[in-house]
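Peer 1: The file below is my_file_2.txt, compact mmCIF, C-alpha atoms:
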# COMPACT_ATOMS: atom_id res chain seq x y z
CA MET M 1 -2.01 55.32 41.67
CA ARG M 2 -5.69 54.56 41.14
CA ALA M 3 -5.46 56.03 37.65
CA ARG M 4 -2.56 53.71 36.80
CA ILE M 5 -4.46 50.69 38.18
CA ALA M 6 -7.53 51.65 36.21
CA LEU M 7 -5.45 52.05 33.04
CA ALA M 8 -3.81 48.67 33.59
CA LEU M 9 -7.22 47.07 34.14
CA LEU M 10 -8.56 48.61 30.93
CA CYS M 11 -5.54 47.33 28.99
CA TRP M 12 -6.00 43.83 30.45
CA LEU M 13 -9.68 43.84 29.52
CA GLY M 14 -8.77 45.03 26.04
CA ILE M 15 -6.35 42.12 25.62
CA LEU M 16 -9.07 39.68 26.71
CA ALA M 17 -11.54 41.20 24.27
CA ALA M 18 -9.04 40.95 21.42
CA SER M 19 -8.15 37.32 22.19
CA PRO M 20 -10.16 34.64 20.39
CA ALA M 21 -12.63 32.85 22.62
CA ALA M 22 -11.75 29.29 23.50
CA ALA M 23 -13.74 26.81 21.42
CA ASP M 24 -16.37 24.79 23.24
CA GLU M 25 -15.62 21.13 23.87
CA PRO M 26 -17.45 18.85 21.42
CA ARG M 27 -20.38 16.92 22.82
CA ASN M 28 -19.96 13.14 22.97
CA PHE M 29 -22.41 10.74 21.32
CA ILE M 30 -21.87 7.04 20.76
CA TYR M 31 -22.01 5.65 17.23
CA THR M 32 -23.60 2.23 16.80
CA GLY M 33 -25.80 0.02 14.73
CA GLU M 34 -27.47 -1.58 17.77
CA LEU M 35 -28.34 0.87 20.53
CA ALA M 36 -30.02 -1.73 22.75
CA GLU M 37 -26.69 -3.56 23.05
CA ASN M 38 -24.90 -0.40 24.20
CA VAL M 39 -27.19 1.14 26.83
CA ASP M 40 -24.39 0.87 29.39
CA LEU M 41 -22.50 3.48 27.35
CA LEU M 42 -25.64 5.55 26.84
CA ASP M 43 -26.01 5.68 30.62
CA ARG M 44 -22.62 7.35 31.08
CA SER M 45 -22.81 10.94 32.29
CA ASP M 46 -20.27 12.05 29.66
CA ILE M 47 -22.38 10.69 26.78
CA GLU M 48 -25.19 12.99 25.62
CA GLY M 49 -26.78 10.77 23.02
CA ALA M 50 -26.37 8.24 20.24
CA GLN M 51 -26.06 8.17 16.50
CA VAL M 52 -27.68 5.05 15.10
CA ILE M 53 -27.48 3.79 11.52
CA TYR M 54 -30.74 2.74 9.84
CA PRO M 55 -30.46 1.04 6.43
CA TRP M 56 -32.98 2.03 3.82
CA ARG M 57 -34.31 -1.55 3.47
CA MET M 58 -35.14 -1.68 7.20
CA LEU M 59 -37.17 1.52 7.02
CA GLU M 60 -39.01 0.72 3.79
CA PRO M 61 -39.51 -3.05 3.53
CA GLU M 62 -42.08 -2.64 0.74
CA LYS M 63 -42.58 0.22 -1.69
CA GLY M 64 -44.27 3.07 0.13
CA GLU M 65 -44.76 0.96 3.27
CA TYR M 66 -42.60 2.15 6.13
CA ASP M 67 -41.48 0.42 9.30
CA PHE M 68 -40.08 2.89 11.81
CA SER M 69 -40.28 0.56 14.80
CA ALA M 70 -36.48 0.44 15.18
CA ILE M 71 -36.30 4.23 15.51
CA GLU M 72 -39.22 4.25 17.95
CA ALA M 73 -37.48 1.62 20.08
CA ASP M 74 -34.25 3.60 20.12
CA LEU M 75 -36.09 6.84 20.95
CA ALA M 76 -37.65 5.06 23.91
CA LEU M 77 -34.13 4.24 25.15
CA THR M 78 -32.83 7.77 24.73
CA ASP M 79 -35.93 9.64 25.92
CA VAL M 80 -36.19 7.82 29.24
CA ARG M 81 -32.56 8.71 29.93
CA GLY M 82 -32.83 12.34 28.86
CA LYS M 83 -30.44 11.68 25.97
CA GLN M 84 -30.69 12.60 22.28
CA LEU M 85 -30.93 10.46 19.15
CA PHE M 86 -29.29 11.15 15.80
CA ALA M 87 -30.43 8.95 12.90
CA GLN M 88 -28.22 8.26 9.89
CA ILE M 89 -30.34 7.14 6.94
CA GLN M 90 -28.03 4.72 5.17
CA ASP M 91 -28.10 4.23 1.42
CA ARG M 92 -24.60 2.74 1.02
CA PHE M 93 -22.96 -0.36 2.38
CA PHE M 94 -19.44 -1.62 2.76
CA LEU M 95 -19.54 -5.35 2.16
CA PRO M 96 -20.10 -7.09 -1.19
CA THR M 97 -22.98 -9.07 0.29
CA ALA M 98 -24.77 -6.04 1.75
CA ARG M 99 -27.46 -4.77 -0.61
CA ASN M 100 -29.68 -3.17 2.00
CA VAL M 101 -32.07 -1.13 -0.10
CA PRO M 102 -35.72 -2.09 -0.69
CA GLN M 103 -36.09 -5.10 -2.97
CA TYR M 104 -38.24 -3.19 -5.46
CA LEU M 105 -35.27 -0.93 -6.23
CA LEU M 106 -33.25 -3.99 -7.23
CA ASP M 107 -36.01 -5.64 -9.24
CA ASP M 108 -37.94 -2.90 -11.04
CA PRO M 109 -36.24 -1.81 -14.31
CA GLU M 110 -37.33 1.78 -13.59
CA TYR M 111 -34.55 2.01 -11.00
CA GLY M 112 -31.75 0.66 -13.19
CA GLY M 113 -30.63 -1.91 -10.66
CA GLY M 114 -30.87 0.42 -7.67
CA LEU M 115 -27.28 -0.06 -6.51
CA ALA M 116 -23.84 0.56 -7.98
CA ARG M 117 -20.62 -1.12 -6.88
CA GLN M 118 -18.03 0.94 -5.04
CA TYR M 119 -14.56 0.55 -3.59
CA ASP M 120 -14.09 0.99 0.14
CA ASN M 121 -11.16 1.91 2.39
CA PRO M 122 -11.71 -0.02 5.65
CA GLY M 123 -8.77 1.61 7.45
CA GLU M 124 -5.04 2.21 7.55
CA GLY M 125 -3.13 -0.84 6.35
CA GLU M 126 -6.32 -2.75 5.60
CA PRO M 127 -6.93 -4.37 2.19
CA GLU M 128 -9.23 -2.51 -0.15
CA GLY M 129 -12.85 -3.53 0.16
CA GLN M 130 -15.97 -3.28 -1.95
CA GLY M 131 -19.58 -2.47 -1.32
CA TRP M 132 -22.60 -0.73 -2.81
CA THR M 133 -24.13 2.75 -3.12
CA ALA M 134 -27.69 3.65 -4.03
CA MET M 135 -27.84 5.22 -7.49
CA GLN M 136 -28.90 8.66 -6.30
CA TRP M 137 -28.06 10.11 -9.72
CA ASN M 138 -31.06 8.16 -11.06
CA PRO M 139 -34.07 10.48 -10.59
CA ALA M 140 -36.42 7.57 -9.88
CA VAL M 141 -34.17 6.21 -7.11
CA ARG M 142 -33.72 9.67 -5.66
CA ALA M 143 -37.46 10.31 -5.64
CA ARG M 144 -38.00 7.20 -3.53
CA PHE M 145 -35.24 8.25 -1.09
CA GLN M 146 -36.80 11.67 -0.74
CA ALA M 147 -40.20 10.08 -0.13
CA LEU M 148 -38.57 8.18 2.74
CA LEU M 149 -37.16 11.42 4.16
CA GLN M 150 -40.60 13.03 4.00
CA ALA M 151 -42.23 10.09 5.76
CA LEU M 152 -39.54 10.22 8.47
CA ALA M 153 -40.13 13.93 8.96
CA GLU M 154 -43.88 13.48 9.32
CA ARG M 155 -43.24 10.99 12.14
CA PHE M 156 -40.10 12.27 13.84
CA ASP M 157 -39.56 15.99 13.15
CA GLY M 158 -38.76 17.55 16.50
CA ARG M 159 -38.48 14.15 18.20
CA LEU M 160 -35.12 13.24 16.70
CA TYR M 161 -32.27 15.57 17.59
CA GLY M 162 -30.74 15.08 14.17
CA VAL M 163 -30.93 13.26 10.86
CA ASN M 164 -27.87 12.88 8.72
CA LEU M 165 -27.42 11.85 5.13
CA PRO M 166 -24.53 9.51 4.29
CA GLU M 167 -21.06 10.57 3.20
CA SER M 168 -20.52 12.25 -0.16
CA SER M 169 -17.58 9.96 -0.95
CA PHE M 170 -18.21 7.43 -3.71
CA ASP M 171 -15.46 5.51 -5.52
CA PRO M 172 -17.28 3.74 -8.35
CA LEU M 173 -16.06 0.57 -10.00
CA SER M 174 -17.70 1.58 -13.27
CA GLU M 175 -16.60 4.35 -15.61
CA GLU M 176 -18.51 7.56 -16.19
CA GLY M 177 -21.25 7.26 -18.78
CA GLY M 178 -21.64 3.50 -18.34
CA GLU M 179 -24.82 1.47 -18.37
CA ASP M 180 -25.83 2.65 -14.91
CA GLY M 181 -25.83 6.28 -16.09
CA PHE M 182 -23.31 7.48 -13.51
CA THR M 183 -21.55 10.78 -14.09
CA CYS M 184 -19.73 12.84 -11.48
CA ASP M 185 -21.89 15.88 -12.18
CA ALA M 186 -25.11 13.86 -11.87
CA TYR M 187 -23.96 12.32 -8.60
CA PHE M 188 -23.07 15.74 -7.20
CA ALA M 189 -26.37 17.26 -8.33
CA GLY M 190 -28.33 14.35 -6.84
CA THR M 191 -26.58 14.73 -3.48
CA LEU M 192 -27.38 18.44 -3.31
CA ASP M 193 -30.97 17.72 -4.30
CA ASN M 194 -31.24 15.32 -1.35
CA MET M 195 -29.79 17.99 0.95
CA ARG M 196 -32.49 20.43 -0.10
CA ALA M 197 -35.21 17.80 0.26
CA ALA M 198 -34.09 16.88 3.78
CA ARG M 199 -33.94 20.52 4.85
CA ALA M 200 -37.42 21.14 3.47
CA ALA M 201 -38.84 18.07 5.20
CA PHE M 202 -37.42 18.65 8.69
CA GLU M 203 -38.21 21.96 10.37
CA ASP M 204 -37.23 21.28 13.99
CA THR M 205 -34.76 18.40 13.71
CA GLN M 206 -31.15 19.13 12.78
CA VAL M 207 -30.19 18.06 9.24
CA VAL M 208 -26.57 17.14 8.54
CA GLN M 209 -24.95 16.14 5.26
CA TYR M 210 -21.73 14.14 5.59
CA ILE M 211 -19.20 15.71 3.20
CA ASN M 212 -15.74 14.19 2.88
CA PHE M 213 -14.81 13.59 -0.78
CA TRP M 214 -16.46 13.81 -4.20
CA PRO M 215 -15.91 11.43 -7.11
CA CYS M 216 -13.72 13.00 -9.82
CA GLU M 217 -12.60 15.83 -7.52
CA TRP M 218 -9.36 16.66 -5.74
CA ASN M 219 -8.66 19.95 -3.99
CA ASN M 220 -11.97 21.50 -5.13
CA ASP M 221 -10.95 21.33 -8.80
CA HIS M 222 -14.61 20.91 -9.87
CA ARG M 223 -15.83 23.32 -7.18
CA TYR M 224 -18.04 20.53 -5.82
CA MET M 225 -16.75 21.01 -2.28
CA GLU M 226 -17.10 24.79 -2.44
CA ARG M 227 -20.64 24.61 -3.79
CA ALA M 228 -21.79 21.95 -1.33
CA PHE M 229 -20.64 23.96 1.68
CA ALA M 230 -22.14 27.13 0.20
CA LEU M 231 -25.52 25.39 -0.07
CA ALA M 232 -25.24 24.14 3.50
CA VAL M 233 -24.56 27.66 4.78
CA GLU M 234 -27.33 29.17 2.65
CA GLN M 235 -29.99 26.65 3.70
CA GLY M 236 -28.96 26.10 7.32
CA ILE M 237 -27.85 22.51 6.82
CA GLY M 238 -25.26 21.05 9.16
CA THR M 239 -22.24 19.21 7.82
CA GLY M 240 -20.01 16.46 9.06
CA GLY M 241 -18.14 13.35 8.05
CA PRO M 242 -17.34 9.77 9.00
CA ASP M 243 -13.68 10.34 9.92
CA ILE M 244 -11.75 12.76 12.11
CA VAL M 245 -8.09 12.08 11.24
CA PRO M 246 -5.89 14.99 12.34
CA HIS M 247 -4.08 16.70 9.46
CA LYS M 248 -4.47 13.72 7.10
CA ARG M 249 -3.35 14.90 3.67
CA ALA M 250 -6.28 13.51 1.68
CA GLN M 251 -8.81 15.26 3.90
CA MET M 252 -6.73 18.44 4.07
CA LYS M 253 -6.91 18.57 0.27
CA ASN M 254 -10.66 18.09 0.29
CA SER M 255 -13.27 18.76 2.99
CA TYR M 256 -11.27 19.78 6.07
CA PRO M 257 -10.36 23.33 4.98
CA PHE M 258 -14.04 23.99 4.26
CA PHE M 259 -15.07 22.93 7.74
CA ASN M 260 -12.45 25.31 9.08
CA ARG M 261 -13.56 28.14 6.80
CA HIS M 262 -17.27 27.77 7.59
CA LYS M 263 -17.20 26.61 11.23
CA ASP M 264 -18.83 29.84 12.38
CA ASP M 265 -21.41 29.83 9.56
CA LEU M 266 -22.92 26.36 9.91
CA PRO M 267 -25.70 25.45 12.35
CA LEU M 268 -23.98 22.20 13.37
CA ILE M 269 -20.81 20.27 12.60
CA ALA M 270 -21.10 16.62 13.61
CA MET M 271 -18.30 14.20 12.80
CA ALA M 272 -17.51 10.61 13.64
CA ILE M 273 -14.65 8.53 14.89
CA GLN M 274 -15.64 5.18 13.44
CA GLU M 275 -13.80 1.85 13.51
CA PRO M 276 -11.51 2.64 10.52
CA THR M 277 -10.65 6.01 12.10
CA LEU M 278 -9.25 4.21 15.14
CA THR M 279 -6.68 2.42 12.95
CA TYR M 280 -4.78 5.59 11.98
CA THR M 281 -1.33 6.36 13.35
CA ASN M 282 -0.08 9.80 14.38
CA PRO M 283 3.06 10.25 12.23
CA GLU M 284 4.63 12.44 14.91
CA THR M 285 4.39 9.81 17.66
CA GLY M 286 4.23 6.54 15.74
CA GLU M 287 1.26 5.59 17.94
CA LYS M 288 -2.46 5.47 17.30
CA PHE M 289 -4.14 8.84 17.73
CA THR M 290 -5.28 9.43 21.28
CA ARG M 291 -8.64 10.70 22.38
CA ALA M 292 -7.07 14.06 23.29
CA GLU M 293 -5.49 14.38 19.83
CA PHE M 294 -8.78 13.61 18.08
CA VAL M 295 -10.68 16.09 20.24
CA ALA M 296 -8.14 18.91 19.94
CA PHE M 297 -8.14 18.78 16.13
CA ALA M 298 -11.91 18.44 15.96
CA ARG M 299 -12.45 21.37 18.32
CA ASP M 300 -9.74 23.79 17.23
CA TYR M 301 -9.48 23.27 13.46
CA LEU M 302 -12.72 21.65 12.30
CA GLY M 303 -15.06 23.43 14.73
CA VAL M 304 -16.87 20.20 15.59
CA ASP M 305 -19.92 20.48 17.87
CA VAL M 306 -20.68 16.76 18.21
CA ILE M 307 -18.38 13.73 17.96
CA PHE M 308 -19.95 10.34 17.24
CA TRP M 309 -17.60 7.85 18.94
CA SER M 310 -17.40 4.22 17.89
CA VAL M 311 -18.28 2.01 20.84
CA GLU M 312 -14.89 0.40 20.20
CA ALA M 313 -13.01 3.61 21.05
CA PRO M 314 -10.53 2.63 23.81
CA TRP M 315 -11.75 5.28 26.26
CA LEU M 316 -15.25 3.85 26.01
CA ALA M 317 -14.43 0.16 25.70
CA GLY M 318 -12.70 -0.40 29.04
CA ASP M 319 -13.96 -3.67 30.47
CA ARG M 320 -16.18 -4.09 27.43
CA THR M 321 -13.23 -5.13 25.23
CA GLN M 322 -14.08 -8.78 25.86
CA LYS M 323 -17.55 -8.36 24.38
CA PRO M 324 -17.89 -9.83 20.88
CA ARG M 325 -17.38 -7.27 18.12
CA GLN M 326 -20.74 -6.13 16.77
CA ARG M 327 -21.35 -5.37 13.13
CA GLY M 328 -24.76 -3.77 13.56
CA ARG M 329 -27.26 -2.81 10.94
CA GLY M 330 -25.27 0.21 9.76
CA PHE M 331 -21.87 -1.39 9.37
CA LEU M 332 -22.80 -3.73 6.54
Represent the structure of the file as structure tokens.
Peer 2:
Amino acid sequence: MRARIALALLCWLGILAASPAAADEPRNFIYTGELAENVDLLDRSDIEGAQVIYPWRMLEPEKGEYDFSAIEADLALTDVRGKQLFAQIQDRFFLPTARNVPQYLLDDPEYGGGLARQYDNPGEGEPEGQGWTAMQWNPAVRARFQALLQALAERFDGRLYGVNLPESSFDPLSEEGGEDGFTCDAYFAGTLDNMRAARAAFEDTQVVQYINFWPCEWNNDHRYMERAFALAVEQGIGTGGPDIVPHKRAQMKNSYPFFNRHKDDLPLIAMAIQEPTLTYTNPETGEKFTRAEFVAFARDYLGVDVIFWSVEAPWLAGDRTQKPRQRGRGFL
């Protein structure tokens, strides 16, 4: 009898060993442009930190002169609460009037105008928008951005939990080879160069590159997606993106399969549920995606470690829904 019990126990243990381990629940951060206005959410026990957007112009008001007071103020808010801060260094903007890079980039001919126009998708059923992206394919522009990253690292390496570079997606209004010098290959190469520079600058702070789409590419047909994730794995760079939309076809034909493929190889996967993400409808239910649906897809398919939740997410908003909608420094 004891032999049979022992055999049964060994079989049961064998089944457990062969079964895949349950994925850890993603950690919850809030996503905002104005942390001071959202400390009530930061104080929640189920929120571990905040991702805050810092436009380039705010951090470098004059060439080579940096103002990091906004980050210091936000670190003071997170540190005293035992929470963590993730800084997104923003070089692209989603309103026609938002040109939030240092003025010298716009004025000095060396930088070719500094910004290029782009289309923007503000959400499901919303009219197409326009904005701007820093011309990272211009070596002079990119050198200034990398100087900013180095200055940030000298001040905040090990103090910030993470730094992330903006999304790879760029939908230019101009054609390839135009006056601004844009080509898809040059844009891709410039983005990877910034990834390497950020990784070299920060030793103790997590570095994350947002990867969602690439100009000129669909379904990895230029191998941009494949090569970007390979670099991230090789150099220990985290990846992420601005939108978790379960099974959405466009993402499933671009970045999502690579998150799934490399979820055990990357040091961190951090993805957001921003305001446009909240507009998407689950085709199976006809209703907006629920928190549970977002989390299940993020956890089980994408391997997400951290979710940056818009402060407008219904499960966070609660009684705050009557507060005026904020378009903080990162949403412009």
Peer 1: Need to verify the contact set: M:Pro61, 6 Å, all atoms listed in the file, exclusion of same-chain residues closer than 2 positions in sequence. Can you return it as a PyMOL selection string?
Peer 2: chain M and resi 57-58+102
Peer 1: Using all atoms listed in the file for the distances, tell me which of M:Glu312, M:Asp108, M:Ile244, M:Leu266 is nearest to M:Ala298.
Peer 2: M:Ile244
Peer 1: If you take only C-alpha atoms and a cut-off of 9 Å, which residues of stretch 143-207 of chain M touch stretch 88-95 of chain M, and what are their nearest atom pairs and distances in Å to one decimal, in chain and number order, as a Markdown table?
Peer 2:
| residue | atom | partner | partner_atom | distance |
| --- | --- | --- | --- | --- |
| M:Phe145 | CA | M:Asp91 | CA | 8.6 |
| M:Leu149 | CA | M:Ile89 | CA | 8.5 |
| M:Gly162 | CA | M:Gln88 | CA | 8.4 |
| M:Val163 | CA | M:Gln88 | CA | 5.8 |
| M:Asn164 | CA | M:Gln88 | CA | 4.8 |
| M:Leu165 | CA | M:Ile89 | CA | 5.8 |
| M:Pro166 | CA | M:Gln90 | CA | 6.0 |
| M:Glu167 | CA | M:Arg92 | CA | 8.9 |
Peer 1: With distances taken over only C-alpha atoms, which residue among M:Tyr66, M:Tyr111, M:Tyr119, M:Phe289 lies nearest M:Glu154?
Peer 2: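 Ranking M:Tyr66, M:Tyr111, M:Tyr119, M:Phe289 by distance to M:Glu154, first place goes to M:Tyr66.
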Peer 1: Counting all atoms listed in the file, figure out which residue out of M:Phe188, M:Phe259, M:Phe202, M:Tyr210 gets nearest to M:Arg227.
Peer 2: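 Selected residue with least distance to M:Arg227: M:Phe188.
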Peer 1: When distances are computed from all atoms listed in the file, which of M:Thr183, M:Ser69, M:Asn38, M:Thr97 shows the smallest separation from M:Tyr54?
Peer 2: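 Closest to M:Tyr54 of all the choices is M:Ser69.
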Peer 1: Quick one: of M:His222, M:Ala36, M:Glu293, M:Ala98, who's nearest to M:Ala76, counting all atoms listed in the file?
Peer 2: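 Among the listed residues, M:Ala36 lies closest to M:Ala76.
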Peer 1: For M:Pro246, work out the shell of residues within 10 Å, counting only C-alpha atoms and skipping chain neighbours fewer than 2 positions away, then give it as a PyMOL selection string.
Peer 2: chain M and resi 243-244+248-249+251-252+256+280-282+289+293-298+301-302
Peer 1: Taking all atoms listed in the file into account, which of M:Leu148, M:Ala250, M:Met135, M:Ala73 comes nearest M:Glu179?
Peer 2: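 Looking at the shortest contact to M:Glu179, the residue is M:Met135.
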Peer 1: Given the point (-5.6, 21.1, -3.9) in the file's coordinates, find the residues that have an atom at most 8 Å from it, counting only C-alpha atoms, and give them as a list in words.
Peer 2: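 Applying the cut-off with only C-alpha atoms, one gets Trp218, Asn219, Asn220, Asp221, Lys253 and Asn254 of chain M.
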Peer 1: Can you tell me how far atom CA of M:Asn212 sits from atom CA of M:Thr78, in Å to one decimal?
Peer 2: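 Atom CA of M:Asn212 sits 28.5 Å away from atom CA of M:Thr78.
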Peer 1: To box stretch 101-110 of chain M, take all atoms listed in the file, fit an axis-aligned box, add 5 Å on each side, and give centre and edge lengths in Å to one decimal, as lines of an AutoDock Vina configuration file.
Peer 2:
center_x = -35.2
center_y = -1.9
center_z = -7.2
size_x = 16.2
size_y = 17.4
size_z = 24.2
Peer 1: For atom CA of M:Asp40 and atom CA of M:Pro276, quote the distance in Å rounded to one decimal.
Peer 2: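 Separating atom CA of M:Asp40 from atom CA of M:Pro276 is a distance of 22.9 Å.
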Peer 1: What does the distance from atom CA of M:Leu231 to atom CA of M:Gly303 come to in Å, to one decimal?
Peer 2: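 Value for the atom CA of M:Leu231-atom CA of M:Gly303 distance: 18.2 Å.
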Peer 1: Quick one: residues within 7 Å of stretch 137-143 of chain M, all atoms listed in the file, excluding same-chain residues fewer than 5 positions away - as a list in words?
Peer 2: Glu110, Tyr111, Gly114, Phe182, Ala186, Tyr187 and Gly190 of chain M
Peer 1: Can you write just those residues out, C-alpha atoms, as a compact mmCIF listing (two decimals), keeping the file's coordinate frame?
Peer 2:
# COMPACT_ATOMS: atom_id res chain seq x y z
CA GLU M 110 -37.33 1.78 -13.59
CA TYR M 111 -34.55 2.01 -11.00
CA GLY M 114 -30.87 0.42 -7.67
CA PHE M 182 -23.31 7.48 -13.51
CA ALA M 186 -25.11 13.86 -11.87
CA TYR M 187 -23.96 12.32 -8.60
CA GLY M 190 -28.33 14.35 -6.84
Peer 1: What would the list of residues within 6 Å of (-30.3, -1.1, 3.6) (file frame) look like as a ChimeraX atom specification, if all atoms listed in the file are what count?
Peer 2: /M:55-57,100-101
Peer 1: What does the file look like for those residues with C-alpha atoms, as an mmCIF file, in the coordinates of the input?
Peer 2:
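Here's the written file selection_29.cif:
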data_model
loop_
_atom_site.group_PDB
_atom_site.id
_atom_site.type_symbol
_atom_site.label_atom_id
_atom_site.label_comp_id
_atom_site.auth_asym_id
_atom_site.auth_seq_id
_atom_site.Cartn_x
_atom_site.Cartn_y
_atom_site.Cartn_z
ATOM 1 C CA PRO M 55 -30.460 1.040 6.430
ATOM 2 C CA TRP M 56 -32.980 2.030 3.820
ATOM 3 C CA ARG M 57 -34.310 -1.550 3.470
ATOM 4 C CA ASN M 100 -29.680 -3.170 2.000
ATOM 5 C CA VAL M 101 -32.070 -1.130 -0.100
#
Peer 1: Identify, on the basis of all atoms listed in the file, every residue whose closest approach to M:Asp204 does not exceed 9 Å; exclude the query and any residue fewer than 5 positions from it along the same chain; express the result as a PDB file with C-alpha atoms, keeping the file's coordinate frame.
Peer 2:
ATOM      1  CA  ASP M 157     -39.560  15.990  13.150  1.00  0.00           C
ATOM      2  CA  GLY M 158     -38.760  17.550  16.500  1.00  0.00           C
ATOM      3  CA  ARG M 159     -38.480  14.150  18.200  1.00  0.00           C
ATOM      4  CA  LEU M 160     -35.120  13.240  16.700  1.00  0.00           C
ATOM      5  CA  TYR M 161     -32.270  15.570  17.590  1.00  0.00           C
ATOM      6  CA  GLY M 162     -30.740  15.080  14.170  1.00  0.00           C
TER       7      GLY M 162
END
